[in-house]
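Peer 1: Let me give you the structure first, and then I'll get to my questions.
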Amino acid sequence: MPSTGLVSLAAIAALLAIAPRRAAADLTSDNVDFIYYGRMGIGWTPSGQVVAGKYMNLGDHKAIGGRLEEGDYLEPGIKYHIRKAKTEDDTSIDLITDYEVFSLNGAIISDLANGDISDIKIMPLQAYVQAKNVLTKGLTLWIGSNLYRKSDIHICDYFYFNSLPGQGIGAYYGGLDVAVLTQTGGSSFFATDLNAGMPAPATPAVVQRERTMLIAQYSVPLGIATSYVQGLGEFHVVPKSGNANRDAPANVNPTDYGAVGGVKLHLDLGGGNFNDGSVRVGNRIANGAESGGSTYSTFGQPGLDGTYRGALGLEVVEHFLVNVGDLVSVNGYGTLHFSRGSTSYVGQASAQDPTVLIVSPNNRFDYSFGARGTFYPSDQLHLITEATFQARKDEGRATGTAVKLSIAPTVVPSGERSAWTRPELRLIYTLGLYNQAAVDQLMSPYLQTMGPTKVAHFLGARTEWWF
C-alpha cells in the first residue's frame, strides 16, 4: 500500500494537471526557483542492523556531536515569484513551499532499494506567502507554515537560539522580526483523555490543545561588515484542557505559560571567517534546551498542580569558522544545555503499591565541543577530519561520555576550496568511544540499535548537496 504522503503528492499532481491553463500560463519559468537540500548514501556494519542514521551522539536530538553517520534525507522546494519587484522599493510576492522525504526506521529512502515503501514518508515542511514592501517601504509580511529559524551549526545539523518552526503570521521591518506561531501534537502535553480513569465501559474522550508563541527579535548592526547583536524574547501559553461541556481535572494539563530571553553576537571577521556566541534562558513550558531542543519542546515532569512551575532551560553556544588561506578550513563549536522540569514534581504512586513513588529523571545537563578540519590537497579532492567530545548527565544517573573521531576523503566536482561548497561525495569512517555509563544507559541511537559496546564503528559513503 502506498504511504499517505505518496497519495497526497499524487493528489497534488492531479490537481495541477486539471488546473486552468490560463493560471498555469501566468506563472512563467523565469518566475519559479527550484531549491533543494539533500543527502543520500549507504552505511555498513558487520552485523545485520541498518546502521546509517543511527547517531552515536548522546541525546534525544543529534545536536551534541557530529552528523557524518546521518541517514538519507531529501528536502525539495519551490519558490513561486507571484510578483517580482522591478525596483528596490517595489512590492514583491512569493509563495514558498518545501517537502521533506525520509525513512522512519532505516537509512534507505529509495523505493527501489527499500522493500517496505510504508517506511518512506513525504511530509509538507513549509508553505507560506510572503509580501515585501507592502503597506510601507521595508515592511515584509508572511502567513503560513514557516521553518522560522536562522542560526545553525551545519556540521551538527543543529539549529539553535531562535529555531521556532511553526504555523502562523509574522512581519519584518528593519531590524525588528515579530511572529505569532502555533503548535499542537499527539503527546500527553497536548492531548488529554477526559475519561481517563473512568470505569468501563467508558470510551476515550480525547481533546487536544494548542500552544501559542509570541516572538520578538531585534538586530542591531555593529558597523563592522555584517556583524550584529541580536535580542530574542518569547512568550508561550497553553489553555487548560477541556471541551464545551467539561474541563479536565484541575491538575491535568491546566493553563500554563513560559517566557524566554536570549542574546546573540555575530562577528564578521572577513574572508569568510566568523564567530557566533549566544545565550538563551526559558522557564516553565518554554524550558526546552536539553540536547539542543527548541524552547517549545517542554522538558521534564509537571508538578502536583499539573503546571511546570519552577521549570528552567538554558542553552549556551559558541560557533566559529577560520580559513587558513586555501589550505584548510576549521569549523568549531561548543554547546552547553540544562533543562529542568517542575520543582514541585514528586513522582507517581506505583500501581502495585501506592505508598511507593516512581520518580522519573527530571533534569538533564549536557555539553559538547568539537571541530571539523577540511583540508584541500587539491581543488577536487578534500579531506574532512572531525573530532568531538560530549557528556550527558540525567538526574539520579551516572554521567555518560563519548568521543567521536571521523575521517572522510571527499571529492568536490566543482573544484572550489571552501567548507560550504556542494555537492560533496564522501567516503566516511567514524570511530566512537563510550564510557561505561553511556553503555549501561544505551544513551545513543547507535547503542540502542547495536547493543552495549564501548567501541563503535561506522563506515559509509554519502553525498550532500544544496542549491
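Chains: A, B, ... in order of the C-alpha cells. Residues: from 1 per chain. Ligands: from 1, in order shown.
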Need to verify the contact set: range 72-85 of chain A, 7 Å, only C-alpha atoms, exclusion of same-chain residues closer than 3 positions in sequence. Can you return it as a list in words?
Peer 2: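 Everything that qualifies: Asn31, Val32, Asp33, Phe34, Ile35, Tyr36, Tyr37, Gly38, Arg39, Met40, Gly41, Glu88, Asp90, Thr91, Ser92, Ile93, Asp94, Leu95, Ile96, Thr97, Asp98, Tyr99, Glu100, Val101, Phe102, Ala107, Ile108 and Ile109 of chain A.
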Peer 1: Return as a PyMOL selection string the full set of residues in range 15-149 of chain A whose backbone-based DSSP assignment is strand (DSSP E).
Peer 2: chain A and resi 32-44+73-83+92-103+120-132+139-146
Peer 1: Find the residues near Thr385 in chain A: any atom within 6 Å, counting only C-alpha atoms, skip ones fewer than 5 places away on the same chain, and give them as a PyMOL selection string.
Peer 2: chain A and resi 372-373+406-407
Peer 1: Please determine, counting only C-alpha atoms, which residue among A:Gly233, A:Gly185, A:Gly138, A:Pro413 has the shortest atom-to-atom distance to Ala171 in chain A.
Peer 2: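 Smallest separation from Ala171 in chain A among the options: A:Gly138.
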Peer 1: Which range 268-377 of chain A residues have any atom within 12 Å of an atom of range 212-216 of chain A, and for each, what is the nearest pair of atoms with distance in Å to one decimal, counting only C-alpha atoms, rows sorted by chain and number, as a tab-separated table?
Peer 2:
residue	atom	partner	partner_atom	distance
A:Ile285	CA	A:Met213	CA	10.9
A:Ala286	CA	A:Met213	CA	9.5
A:Thr295	CA	A:Met213	CA	10.1
A:Tyr296	CA	A:Met213	CA	8.5
Peer 1: Ranking A:Gly272, A:Gly313, A:Gly197, A:Pro249 by minimum distance to Val330 in chain A and counting only C-alpha atoms, which one comes first?
Peer 2: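 So, comparing all the options, the nearest one is A:Gly272.
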Peer 1: Check the smallest atom-to-atom distance from each of A:Thr388, A:Ser378, A:Asn253, A:Gln230 to Ser151 in chain A using only C-alpha atoms, then report the winner.
Peer 2: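 Smallest distance to Ser151 in chain A is found for A:Gln230.
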Peer 1: Do you know which residues are at most 8 Å from Tyr333 in chain A counting only C-alpha atoms, after dropping those on the same chain fewer than 4 positions away, and could you put them as a PyMOL selection string?
Peer 2: chain A and resi 153+317-320+369-371
Peer 1: I need the residues from that last selection saved to file as a tab-separated table (two decimals), in the first residue's frame (with C-alpha atoms), if you can.
Peer 2:
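Written output follows (result00.tsv):
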chain	number	residue	atom	x	y	z
A	153	ILE	CA	25.89	24.78	13.27
A	317	VAL	CA	26.50	28.09	22.10
A	318	GLU	CA	29.85	29.10	20.61
A	319	HIS	CA	30.45	28.63	16.87
A	320	PHE	CA	33.30	29.76	14.64
A	369	PHE	CA	32.81	20.61	21.92
A	370	GLY	CA	34.22	19.65	18.57
A	371	ALA	CA	35.73	20.79	15.30
